[in-house]
Amino acid sequence: MPNNEEFVVTPYEVRGRVDYDRLRELFGTQPLTEELLARLKRLAGGELHPLLTRGIYYSHRDLASLLDGFEAGRRFFLYSGRGPSGPLHTSHLSQFELCLWFQKRLGLPMYIQITDDEKFWARSGLSREETLRWGLENLYDILAVGFDPKLTHVFFDSKSIASLYPLAIRVARKIPYSTVKAVFGFEPATNIGLVFYTALQTVPCFWPSWAEGTSIPCLIPCGIDQDPHFRLTRDIAEGLGYPKPALLHSRMIPGLLGEAAMSTTGSSADNALFLNDPPKVVERKVRNAFTGGRATVEEQRRLGAVPEICSVWALWRSRFAETEEKFAEITEGCRSGALLCGECKGQLLERIHAFYKEHDAARTRVKEWAETTIVTAAPKEL
Ligand code: SF4
């Protein structure tokens, strides 16, 4: 795990000012080059998602060979998930929005895992009722980004266990305890649910191949902090006769308080915009957000501000600047001093309030069919 004097990045913690190029080198992943992006753009019909054009996704494992296969007629599928411990925040949606882009552009199946079991095992303060409730609430938010019900399948762990368990048995036999202990830092007091969960998280990467009896590659868009989870999956894939999942890694979206990543826990609640925050709370959080502005208006007009360290700019960059023109206008206005932080936040709030309204309406619509996407049977019975 990268851990030097300046930053710490693990699946459980992101701290300090992250040097993303250095992190990529430490993890041993490949850069998402202009050449690879141009190839993806061509395959996708001439346009890239802003998460790709703005450098938020910046690293990968085996994307080039995945695209080689796709060009030769070998379809792949997408996999992403959520551990339901509370409401989602806006940055949680990014990986699903990129998956949606792939689904729409390339017509790909999407598999979503809701790990209500894992969150119950990992958080002693959460009851089963809460993990189940948050599992469904989070699922509505995820599906509301616009997934096609016909191409979208959900493993809701406690409801889908009959479909997952036959493959989990095979996967679990390939993972030594010493490996999960080293990767996840398990201690003697760790409950055994979390140990077995490692197998359950791996299953969706292989499930379509298993179900269809043919080798189907998988692409996982995720934060680069999650790479260690999937290294383990990649290590055992070929031994089970399945392709190694390819990964697309993003930078962390910084928190509103200037922390390295948005967080959903305890006193850090003001660090993130939760999807169930009322408008007044959203307003307060954005107005108090950490910026790259100067100490005085006069100084900012004269010197310009610093977008790269600003949590508000990070929100524009990740989702709220809907066009490249708008993103360039905000960035240039910020750097030149023509745009002041109060006005910038006001414009952003308009976008956020509009987004929340649209999202709420979409969320209400998906409730009608969300539970029909939950996979409950093993392949033989499908
Ligand atoms: S003008 Fe906007 S983007 Fe620039 S530092 Fe201020 S709040 Fe951030």
# chains A, B, ... in the order shown; residues from 1 in each chain; ligands from 1
>>> residues_near_ligand(ligand="ligand 1", cutoff="8 Å", atoms="only C-alpha atoms and all ligand atoms", output="JSON, numbers by chain")
{"A": [290, 291, 292, 293, 294, 305, 306, 307, 309, 310, 311, 312, 313, 314, 316, 330, 331, 333, 334, 335, 337, 339, 340, 341, 342, 343, 344, 345]}
>>> residues_around(residues="Leu63 (chain A)", least_positions_apart="4", cutoff="12 Å", atoms="only C-alpha atoms", output="PyMOL selection string")
chain A and resi 29-33+35-37+39-40+58-59+67-70+76+217-221+244-249
>>> residues_around(residues="Phe274 (chain A)", least_positions_apart="6", cutoff="7 Å", atoms="only C-alpha atoms", output="compact mmCIF listing (two decimals) with C-alpha atoms, in the first residue's frame")
# COMPACT_ATOMS: atom_id res chain seq x y z
CA PRO A 87 -26.92 7.84 1.90
CA LEU A 88 -24.86 8.22 -1.28
CA HIS A 89 -23.08 11.47 -1.97
CA THR A 90 -22.60 13.07 -5.37
>>> residues_around(residues="Met252 (chain A)", least_positions_apart="3", cutoff="10 Å", atoms="only C-alpha atoms", output="count of residues only")
17
>>> select_by_dssp(residues="region 83-308 of chain A", states="strand (DSSP E or B)", output="PyMOL selection string")
chain A and resi 89+110-114+152-156+218-223+246-250+274
>>> write_last_selection(atoms="N, CA and C atoms", output="mmCIF file, in the first residue's frame")
data_model
loop_
_atom_site.group_PDB
_atom_site.id
_atom_site.type_symbol
_atom_site.label_atom_id
_atom_site.label_comp_id
_atom_site.auth_asym_id
_atom_site.auth_seq_id
_atom_site.Cartn_x
_atom_site.Cartn_y
_atom_site.Cartn_z
ATOM 1 N N HIS A 89 -23.346 10.066 -1.670
ATOM 2 C CA HIS A 89 -23.078 11.468 -1.972
ATOM 3 C C HIS A 89 -22.755 11.610 -3.451
ATOM 4 N N MET A 110 -24.564 -4.372 -17.522
ATOM 5 C CA MET A 110 -24.031 -3.789 -16.285
ATOM 6 C C MET A 110 -24.417 -4.679 -15.116
ATOM 7 N N TYR A 111 -23.441 -5.013 -14.289
ATOM 8 C CA TYR A 111 -23.708 -5.771 -13.053
ATOM 9 C C TYR A 111 -23.371 -4.879 -11.863
ATOM 10 N N ILE A 112 -24.325 -4.756 -10.945
ATOM 11 C CA ILE A 112 -24.143 -3.908 -9.761
ATOM 12 C C ILE A 112 -24.237 -4.807 -8.523
ATOM 13 N N GLN A 113 -23.273 -4.685 -7.625
ATOM 14 C CA GLN A 113 -23.346 -5.475 -6.388
ATOM 15 C C GLN A 113 -23.649 -4.548 -5.201
ATOM 16 N N ILE A 114 -24.681 -4.878 -4.460
ATOM 17 C CA ILE A 114 -25.027 -4.136 -3.230
ATOM 18 C C ILE A 114 -24.619 -5.036 -2.060
ATOM 19 N N THR A 152 -29.311 -4.468 -17.198
ATOM 20 C CA THR A 152 -28.754 -4.197 -15.866
ATOM 21 C C THR A 152 -29.188 -5.263 -14.864
ATOM 22 N N HIS A 153 -28.211 -5.795 -14.139
ATOM 23 C CA HIS A 153 -28.453 -6.903 -13.216
ATOM 24 C C HIS A 153 -27.838 -6.560 -11.865
ATOM 25 N N VAL A 154 -28.581 -6.848 -10.804
ATOM 26 C CA VAL A 154 -28.122 -6.445 -9.474
ATOM 27 C C VAL A 154 -27.932 -7.673 -8.590
ATOM 28 N N PHE A 155 -26.750 -7.773 -7.994
ATOM 29 C CA PHE A 155 -26.549 -8.746 -6.920
ATOM 30 C C PHE A 155 -26.711 -7.990 -5.609
ATOM 31 N N PHE A 156 -27.830 -8.219 -4.950
ATOM 32 C CA PHE A 156 -28.084 -7.621 -3.631
ATOM 33 C C PHE A 156 -27.735 -8.763 -2.685
ATOM 34 N N CYS A 218 -14.483 -8.481 -18.160
ATOM 35 C CA CYS A 218 -15.163 -7.534 -17.268
ATOM 36 C C CYS A 218 -14.352 -6.238 -17.180
ATOM 37 N N LEU A 219 -15.055 -5.114 -17.120
ATOM 38 C CA LEU A 219 -14.385 -3.829 -16.877
ATOM 39 C C LEU A 219 -14.959 -3.218 -15.600
ATOM 40 N N ILE A 220 -14.051 -2.802 -14.704
ATOM 41 C CA ILE A 220 -14.476 -2.213 -13.427
ATOM 42 C C ILE A 220 -13.965 -0.779 -13.331
ATOM 43 N N PRO A 221 -14.824 0.227 -13.515
ATOM 44 C CA PRO A 221 -14.405 1.601 -13.217
ATOM 45 C C PRO A 221 -14.483 1.804 -11.690
ATOM 46 N N CYS A 222 -13.411 2.312 -11.097
ATOM 47 C CA CYS A 222 -13.413 2.488 -9.634
ATOM 48 C C CYS A 222 -12.378 3.537 -9.239
ATOM 49 N N GLY A 223 -12.467 3.996 -8.001
ATOM 50 C CA GLY A 223 -11.420 4.860 -7.459
ATOM 51 C C GLY A 223 -10.133 4.058 -7.350
ATOM 52 N N ALA A 246 -10.471 -6.129 -16.222
ATOM 53 C CA ALA A 246 -9.738 -4.898 -16.511
ATOM 54 C C ALA A 246 -10.265 -3.804 -15.577
ATOM 55 N N LEU A 247 -9.410 -2.831 -15.286
ATOM 56 C CA LEU A 247 -9.788 -1.759 -14.363
ATOM 57 C C LEU A 247 -9.555 -0.394 -14.990
ATOM 58 N N LEU A 248 -10.437 0.547 -14.658
ATOM 59 C CA LEU A 248 -10.236 1.956 -15.022
ATOM 60 C C LEU A 248 -10.256 2.726 -13.711
ATOM 61 N N HIS A 249 -9.182 3.429 -13.410
ATOM 62 C CA HIS A 249 -9.055 4.047 -12.087
ATOM 63 C C HIS A 249 -9.246 5.558 -12.138
ATOM 64 N N SER A 250 -9.986 6.065 -11.147
ATOM 65 C CA SER A 250 -10.140 7.516 -11.053
ATOM 66 C C SER A 250 -9.335 8.074 -9.884
ATOM 67 N N PHE A 274 -24.636 14.933 0.291
ATOM 68 C CA PHE A 274 -25.433 13.715 0.246
ATOM 69 C C PHE A 274 -26.657 13.925 -0.630
#
>>> select_by_dssp(residues="region 124-326 of chain A", states="alpha helix (DSSP H)", output="VMD selection string")
chain A and resid 128 to 143 157 to 173 177 to 184 192 to 212 227 to 237 279 to 287 297 to 303 311 to 315 324 to 326
>>> closest_residue(among="A:Thr376, A:Gln103, A:Ser268, A:Ser124", to="Pro149 (chain A)", atoms="only C-alpha atoms")
A:Gln103
>>> closest_residue(among="A:Val171, A:Leu303, A:Ala189, A:Val145", to="Tyr356 (chain A)", atoms="only C-alpha atoms")
A:Val145
>>> closest_residue(among="A:Val195, A:Ala328, A:Arg319, A:Cys205", to="Ser80 (chain A)", atoms="only C-alpha atoms")
A:Cys205
>>> residues_around(residues="region 127-135 of chain A", least_positions_apart="2", cutoff="9 Å", atoms="only C-alpha atoms", output="list of chain:residue names")
A:Arg82, A:Gly83, A:Pro84, A:Ser85, A:Gly86, A:Pro87, A:Ile114, A:Thr115, A:Asp116, A:Asp117, A:Lys119, A:Phe120, A:Arg123, A:Ser124, A:Gly125, A:Glu137, A:Asn138, A:Leu139, A:Tyr140, A:Phe156, A:Ser158
>>> write_last_selection(atoms="C-alpha atoms", output="PDB file, in the first residue's frame")
ATOM      1  CA  ARG A  82     -21.841  -0.106  -3.275  1.00  0.00           C
ATOM      2  CA  GLY A  83     -21.544  -0.957   0.413  1.00  0.00           C
ATOM      3  CA  PRO A  84     -24.782   0.456   1.858  1.00  0.00           C
ATOM      4  CA  SER A  85     -23.923   2.145   5.152  1.00  0.00           C
ATOM      5  CA  GLY A  86     -25.834   5.405   4.614  1.00  0.00           C
ATOM      6  CA  PRO A  87     -26.919   7.839   1.898  1.00  0.00           C
ATOM      7  CA  ILE A 114     -25.027  -4.136  -3.230  1.00  0.00           C
ATOM      8  CA  THR A 115     -22.983  -5.503  -0.343  1.00  0.00           C
ATOM      9  CA  ASP A 116     -25.459  -5.241   2.536  1.00  0.00           C
ATOM     10  CA  ASP A 117     -23.810  -8.272   4.197  1.00  0.00           C
ATOM     11  CA  LYS A 119     -21.499  -3.444   5.659  1.00  0.00           C
ATOM     12  CA  PHE A 120     -23.271  -5.346   8.461  1.00  0.00           C
ATOM     13  CA  ARG A 123     -19.845  -1.660  10.889  1.00  0.00           C
ATOM     14  CA  SER A 124     -20.799  -2.889  14.339  1.00  0.00           C
ATOM     15  CA  GLY A 125     -23.135   0.101  14.808  1.00  0.00           C
ATOM     16  CA  GLU A 137     -32.208   3.377  -1.040  1.00  0.00           C
ATOM     17  CA  ASN A 138     -28.727   3.321  -2.609  1.00  0.00           C
ATOM     18  CA  LEU A 139     -29.943   1.038  -5.392  1.00  0.00           C
ATOM     19  CA  TYR A 140     -32.664   3.545  -6.345  1.00  0.00           C
ATOM     20  CA  PHE A 156     -28.084  -7.621  -3.631  1.00  0.00           C
ATOM     21  CA  SER A 158     -28.405 -11.132   1.074  1.00  0.00           C
TER      22      SER A 158
END
>>> atom_distance(atom1="CA of His92 (chain A)", atom2="CA of Ser318 (chain A)")
11.0 Å
>>> residues_around(residues="Glu283 (chain A)", least_positions_apart="5", cutoff="12 Å", atoms="only C-alpha atoms", output="PyMOL selection string")
chain A and resi 270+273+277-278+288-289+342+345-353
>>> write_last_selection(atoms="C-alpha atoms", output="mmCIF file, in the first residue's frame")
data_model
loop_
_atom_site.group_PDB
_atom_site.id
_atom_site.type_symbol
_atom_site.label_atom_id
_atom_site.label_comp_id
_atom_site.auth_asym_id
_atom_site.auth_seq_id
_atom_site.Cartn_x
_atom_site.Cartn_y
_atom_site.Cartn_z
ATOM 1 C CA ASP A 270 -20.065 18.541 5.843
ATOM 2 C CA LEU A 273 -23.069 16.545 -0.601
ATOM 3 C CA ASP A 277 -29.482 16.670 1.828
ATOM 4 C CA PRO A 278 -32.278 19.282 1.763
ATOM 5 C CA ASN A 288 -18.682 26.983 3.495
ATOM 6 C CA ALA A 289 -16.660 24.853 1.077
ATOM 7 C CA GLY A 342 -19.036 33.884 -4.137
ATOM 8 C CA LYS A 345 -20.508 29.112 -5.735
ATOM 9 C CA GLY A 346 -23.815 30.790 -6.630
ATOM 10 C CA GLN A 347 -23.640 29.453 -10.193
ATOM 11 C CA LEU A 348 -22.697 26.010 -8.911
ATOM 12 C CA LEU A 349 -25.622 25.977 -6.470
ATOM 13 C CA GLU A 350 -28.047 26.610 -9.326
ATOM 14 C CA ARG A 351 -26.681 23.556 -11.129
ATOM 15 C CA ILE A 352 -26.750 21.428 -8.000
ATOM 16 C CA HIS A 353 -30.347 22.304 -7.127
#
>>> atom_distance(atom1="CA of Tyr177 (chain A)", atom2="CA of Trp207 (chain A)")
22.5 Å
>>> closest_residue(among="A:Leu78, A:Ala122, A:Ala237, A:Ala338", to="Leu151 (chain A)", atoms="only C-alpha atoms")
A:Leu78
>>> residues_around(residues="Phe206 (chain A)", least_positions_apart="4", cutoff="8 Å", atoms="only C-alpha atoms", output="ChimeraX atom specification")
/A:202,210,216,218,237,242-243
>>> write_last_selection(atoms="C-alpha atoms", output="mmCIF file, in the first residue's frame")
data_model
loop_
_atom_site.group_PDB
_atom_site.id
_atom_site.type_symbol
_atom_site.label_atom_id
_atom_site.label_comp_id
_atom_site.auth_asym_id
_atom_site.auth_seq_id
_atom_site.Cartn_x
_atom_site.Cartn_y
_atom_site.Cartn_z
ATOM 1 C CA THR A 202 -15.012 -11.505 -6.443
ATOM 2 C CA TRP A 210 -19.922 -18.897 -15.427
ATOM 3 C CA ILE A 216 -16.686 -12.829 -20.999
ATOM 4 C CA CYS A 218 -15.163 -7.534 -17.268
ATOM 5 C CA ALA A 237 -8.951 -15.353 -12.228
ATOM 6 C CA TYR A 242 -11.862 -16.779 -16.246
ATOM 7 C CA PRO A 243 -10.360 -13.612 -17.766
#
